[in-house]
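J.: Have a peek at query29.csv (CSV, C-alpha atoms).
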```csv
chain,number,residue,atom,x,y,z
H,81,MET,CA,43.3,25.7,-33.2
H,82,THR,CA,45.6,24.1,-30.6
H,83,LEU,CA,44.8,21.0,-28.7
H,84,SER,CA,44.3,22.9,-25.5
H,85,THR,CA,41.8,25.3,-27.1
H,86,ARG,CA,39.8,22.4,-28.5
H,87,ILE,CA,39.7,20.7,-25.0
H,88,ALA,CA,38.7,24.0,-23.4
H,89,LYS,CA,35.8,24.5,-25.9
H,90,SER,CA,34.6,20.9,-25.5
H,91,PHE,CA,34.7,21.3,-21.7
H,92,CYS,CA,32.7,24.6,-21.9
H,93,ARG,CA,30.0,22.9,-24.2
H,94,LYS,CA,29.6,20.0,-21.8
H,95,LEU,CA,29.5,22.3,-18.8
H,96,ALA,CA,26.8,24.4,-20.5
H,97,VAL,CA,24.7,21.3,-21.1
H,98,TYR,CA,24.8,20.4,-17.5
H,99,ILE,CA,24.5,23.9,-16.0
H,100,SER,CA,21.6,25.1,-18.3
H,101,PRO,CA,18.9,23.0,-16.7
H,102,LEU,CA,20.0,24.1,-13.2
H,103,LEU,CA,19.7,27.8,-14.3
H,104,LEU,CA,16.3,27.3,-15.9
H,105,ALA,CA,14.8,25.2,-13.1
H,106,PRO,CA,13.8,28.2,-10.9
H,107,LEU,CA,12.2,30.0,-13.9
H,108,LEU,CA,10.2,26.9,-14.8
H,109,GLY,CA,9.5,25.8,-11.3
H,110,GLY,CA,5.7,26.1,-11.7
H,111,CYS,CA,5.7,24.1,-14.9
H,112,ILE,CA,7.5,21.0,-13.6
H,113,PRO,CA,5.1,18.1,-13.0
H,114,SER,CA,5.2,16.5,-9.6
H,115,TYR,CA,4.1,12.9,-8.9
H,116,LYS,CA,3.6,11.4,-5.5
H,117,PHE,CA,3.5,7.6,-5.4
H,118,ASN,CA,3.7,6.8,-1.7
H,119,GLY,CA,1.0,8.9,-0.1
H,120,SER,CA,-2.5,10.0,-0.4
H,121,ALA,CA,-4.2,12.2,-2.9
H,122,LEU,CA,-6.3,14.0,-0.3
H,123,ASN,CA,-7.2,17.6,-0.1
H,124,TYR,CA,-6.4,18.4,3.5
H,125,ASP,CA,-8.4,21.6,3.4
H,126,ILE,CA,-11.5,19.3,3.1
H,127,TYR,CA,-10.4,16.1,4.8
H,128,LYS,CA,-9.0,16.3,8.4
H,129,THR,CA,-10.3,13.2,10.2
H,130,ILE,CA,-10.8,9.5,9.7
H,131,ASP,CA,-12.5,6.8,11.8
H,132,ILE,CA,-11.0,3.3,11.4
H,133,SER,CA,-13.2,0.8,13.1
H,134,ASP,CA,-12.3,-2.7,14.2
H,135,PHE,CA,-12.0,-5.5,11.6
H,136,PRO,CA,-13.4,-8.6,13.3
H,137,ILE,CA,-12.6,-12.0,12.0
H,138,ARG,CA,-15.6,-13.6,10.3
H,139,ALA,CA,-13.7,-16.4,8.5
H,140,ALA,CA,-14.3,-20.1,9.1
H,141,LEU,CA,-10.7,-20.7,10.1
H,142,VAL,CA,-9.5,-18.3,12.8
H,143,TYR,CA,-6.0,-17.1,13.6
H,144,PRO,CA,-6.7,-14.8,16.6
H,145,PRO,CA,-3.6,-12.5,16.3
H,146,LEU,CA,-4.6,-11.7,12.7
H,147,GLN,CA,-7.1,-9.0,13.6
H,148,GLN,CA,-4.6,-7.1,15.7
H,149,ILE,CA,-1.8,-7.5,13.1
H,150,PHE,CA,-4.1,-6.2,10.3
H,151,GLU,CA,-5.6,-3.3,12.3
H,152,ASN,CA,-2.2,-2.1,13.5
H,153,LYS,CA,-0.7,-2.2,10.0
H,154,LEU,CA,-3.7,-0.3,8.5
H,155,LEU,CA,-3.6,2.4,11.2
H,156,ASP,CA,0.2,2.7,10.9
H,157,THR,CA,0.0,3.2,7.2
H,158,VAL,CA,-2.8,5.8,7.4
H,159,THR,CA,-0.9,7.6,10.1
H,160,ARG,CA,2.4,7.5,8.2
H,161,GLN,CA,1.1,8.4,4.7
H,162,THR,CA,-1.5,11.0,5.5
H,163,ARG,CA,-2.1,13.9,7.8
H,164,LEU,CA,-5.5,12.7,8.9
H,165,GLN,CA,-6.3,12.5,12.5
H,166,GLU,CA,-7.8,9.2,13.6
H,167,ILE,CA,-10.9,9.7,15.8
H,168,ASP,CA,-13.8,7.6,17.0
H,169,GLY,CA,-17.2,8.7,15.7
H,170,ASN,CA,-18.2,11.5,13.4
H,171,SER,CA,-15.4,12.0,10.9
H,172,ASP,CA,-14.8,13.1,7.3
H,173,LEU,CA,-13.8,9.6,6.2
H,174,GLU,CA,-14.8,6.2,7.7
H,175,MET,CA,-13.3,2.8,7.1
H,176,THR,CA,-15.1,-0.3,8.4
H,177,GLY,CA,-14.9,-4.0,7.5
H,178,GLU,CA,-14.1,-7.5,8.4
H,179,ILE,CA,-11.7,-10.3,7.8
H,180,THR,CA,-13.9,-12.7,5.8
H,181,GLY,CA,-11.4,-15.3,4.7
H,182,TYR,CA,-8.4,-17.2,6.1
H,183,SER,CA,-7.9,-20.3,4.1
H,184,LEU,CA,-5.3,-22.9,3.1
H,185,SER,CA,-5.3,-24.7,-0.2
H,186,PRO,CA,-2.9,-27.2,-1.8
H,187,GLN,CA,-1.1,-25.8,-4.9
H,188,ALA,CA,1.5,-28.0,-6.4
H,189,VAL,CA,1.3,-31.8,-6.5
H,190,GLY,CA,4.4,-33.9,-6.5
H,191,THR,CA,4.9,-37.3,-8.2
H,192,ASP,CA,3.7,-39.0,-5.1
H,193,ALA,CA,0.3,-37.2,-5.4
H,194,TYR,CA,0.8,-35.2,-2.3
H,195,ALA,CA,0.9,-31.4,-2.2
H,196,THR,CA,4.3,-29.8,-2.3
H,197,GLN,CA,3.1,-26.2,-1.9
H,198,THR,CA,0.3,-24.8,0.3
H,199,ARG,CA,-1.3,-21.4,-0.2
H,200,LEU,CA,-2.5,-19.2,2.7
H,201,THR,CA,-5.1,-16.7,1.5
H,202,ILE,CA,-6.5,-13.8,3.5
H,203,THR,CA,-9.5,-11.8,2.4
H,204,VAL,CA,-10.7,-8.5,3.9
H,205,ARG,CA,-13.9,-6.7,3.1
H,206,VAL,CA,-13.6,-3.0,3.4
H,207,LYS,CA,-16.3,-0.3,3.4
H,208,TYR,CA,-14.8,3.1,2.9
H,209,THR,CA,-17.2,6.1,3.2
H,210,ASP,CA,-16.3,9.6,2.2
H,211,THR,CA,-18.8,11.8,4.0
H,212,LYS,CA,-17.9,14.8,1.8
H,213,ASN,CA,-18.2,13.1,-1.6
H,214,SER,CA,-20.1,9.8,-1.9
H,215,ALA,CA,-18.6,9.2,-5.4
H,216,ASN,CA,-15.4,8.2,-3.6
H,217,ASP,CA,-17.1,5.5,-1.5
H,218,VAL,CA,-15.7,1.9,-1.8
H,219,ASP,CA,-17.2,-1.4,-0.8
H,220,GLN,CA,-14.9,-4.1,-1.9
H,221,SER,CA,-13.1,-7.3,-0.9
H,222,PHE,CA,-9.3,-7.5,-1.1
H,223,SER,CA,-7.3,-10.8,-1.1
H,224,ALA,CA,-3.7,-11.6,-0.9
H,225,TYR,CA,-1.8,-14.9,-0.5
H,226,ARG,CA,1.6,-16.5,0.1
H,227,GLN,CA,2.7,-20.0,-0.7
H,228,PHE,CA,4.9,-22.1,1.5
H,229,ASP,CA,6.4,-25.5,1.4
H,230,ALA,CA,3.9,-28.2,2.3
H,231,SER,CA,6.5,-30.0,4.4
H,232,LEU,CA,6.4,-27.1,6.9
H,233,MET,CA,3.8,-26.8,9.6
H,234,LEU,CA,1.5,-23.8,9.3
H,235,THR,CA,2.3,-22.8,12.9
H,236,ASP,CA,6.0,-22.5,12.0
H,237,VAL,CA,5.4,-20.0,9.2
H,238,GLN,CA,2.0,-18.4,10.1
H,239,ASP,CA,3.3,-15.2,11.8
H,240,ASP,CA,5.7,-14.3,8.9
H,241,LEU,CA,3.1,-15.1,6.3
H,242,CYS,CA,0.4,-13.1,8.0
H,243,ASN,CA,2.6,-10.1,8.3
H,244,GLU,CA,3.6,-10.2,4.6
H,245,ILE,CA,0.0,-10.7,3.5
H,246,CYS,CA,-1.3,-8.0,5.7
H,247,ASP,CA,1.3,-5.6,4.3
H,248,GLU,CA,0.1,-6.3,0.8
H,249,LEU,CA,-3.6,-6.0,1.8
H,250,VAL,CA,-3.0,-2.7,3.5
H,251,ASP,CA,-1.2,-1.4,0.4
H,252,LEU,CA,-4.1,-2.5,-1.8
H,253,ILE,CA,-6.7,-1.0,0.5
H,254,PHE,CA,-4.8,2.3,0.9
H,255,ASN,CA,-4.4,2.7,-2.9
H,256,ALA,CA,-8.1,1.9,-3.5
H,257,THR,CA,-9.3,4.3,-0.9
H,258,LEU,CA,-7.1,7.1,0.4
H,259,GLY,CA,-4.5,6.8,-2.3
H,260,ASN,CA,-7.2,7.5,-4.9
H,261,TRP,CA,-5.2,5.9,-7.7
```
Once more with this new file: its structure as structure tokens, please.
T.:
Amino acid sequence: MTLSTRIAKSFCRKLAVYISPLLLAPLLGGCIPSYKFNGSALNYDIYKTIDISDFPIRAALVYPPLQQIFENKLLDTVTRQTRLQEIDGNSDLEMTGEITGYSLSPQAVGTDAYATQTRLTITVRVKYTDTKNSANDVDQSFSAYRQFDASLMLTDVQDDLCNEICDELVDLIFNATLGNW
């Protein structure tokens, strides 16, 4: 067998390995598992509407823009990742709650006995009601935090921290309710 024949056979074998799955894919299309990690697990034949109420701040420490930031992020996520129509009143799914915690706590202490890191924690209580199947109801508190250098003023980092924390909270809430993980 010549060198060119061996190279041709080797090429054909490699080509068959890569082409075979492409030829079999249409035949096995119904058997290929599909996973969706960035959306909801809702049956849209059953669930068409959701009512997302206001989330008032009930925390001892209040940062007024927090309510609007959180509500906008929650509504944007539900709109982006589901086909549910947001309505006021009688709906298939309901989400209510409140911002119950907004707190600062020292975390790391330096050699001079002063804090070097401060933690901002936000807690949100959510009541999720599935009017079609009460087994899916959720009544739970979710918390998330970020730490920042204690030499910084809270007012200097507060907007960025609140946005980051709200993003995390919305992901946690979405996965526990509509994501049905």
J.: Have a look at CA of Gly259 (chain H) and CA of Ala121 (chain H) and let me know their distance in Å, one decimal.
T.: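 Separating CA of Gly259 (chain H) from CA of Ala121 (chain H) is a distance of 5.4 Å.
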J.: CA of Asp251 (chain H) to CA of Ala224 (chain H): how many Å, to one decimal?
T.: 10.6 Å
J.: My list of candidates is H:Phe222, H:Leu122, H:Pro186, H:Lys207. Which is closest to Asp134 (chain H) when distances are computed with only C-alpha atoms?
T.: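 Among H:Phe222, H:Leu122, H:Pro186, H:Lys207, it is H:Lys207 that comes nearest to Asp134 (chain H).
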J.: Counting only C-alpha atoms, I want the residues whose atoms come within 9 Å of (-3.2, -11.9, 3.7) in the file frame, returned as number ranges by chain.
T.: H: 150, 181-182, 200-204, 222-226, 241-249
J.: Tell me, in Å to one decimal, how far CA of Thr162 (chain H) is from CA of Asp131 (chain H).
T.: 13.4 Å
J.: Counting only C-alpha atoms, I want the residues whose atoms come within 9 Å of (-10.2, 4.6, 7.4) in the file frame, returned as a VMD selection string.
T.: chain H and resid 130 to 133 154 to 155 158 166 173 to 176 207 to 209 254 257 to 258
J.: Could you tell me which of H:Leu234, H:Leu252, H:Asp172, H:Ala188 comes closest to Asn123 (chain H) if we count all atoms listed in the file?
T.: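 Under the stated criterion, the closest residue is H:Asp172.
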J.: Between H:Gln227, H:Gln147, H:Asp236, H:Ile167, single out the one closest to Gln197 (chain H), counting only C-alpha atoms.
T.: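 For Gln197 (chain H), the nearest of the candidates is H:Gln227.
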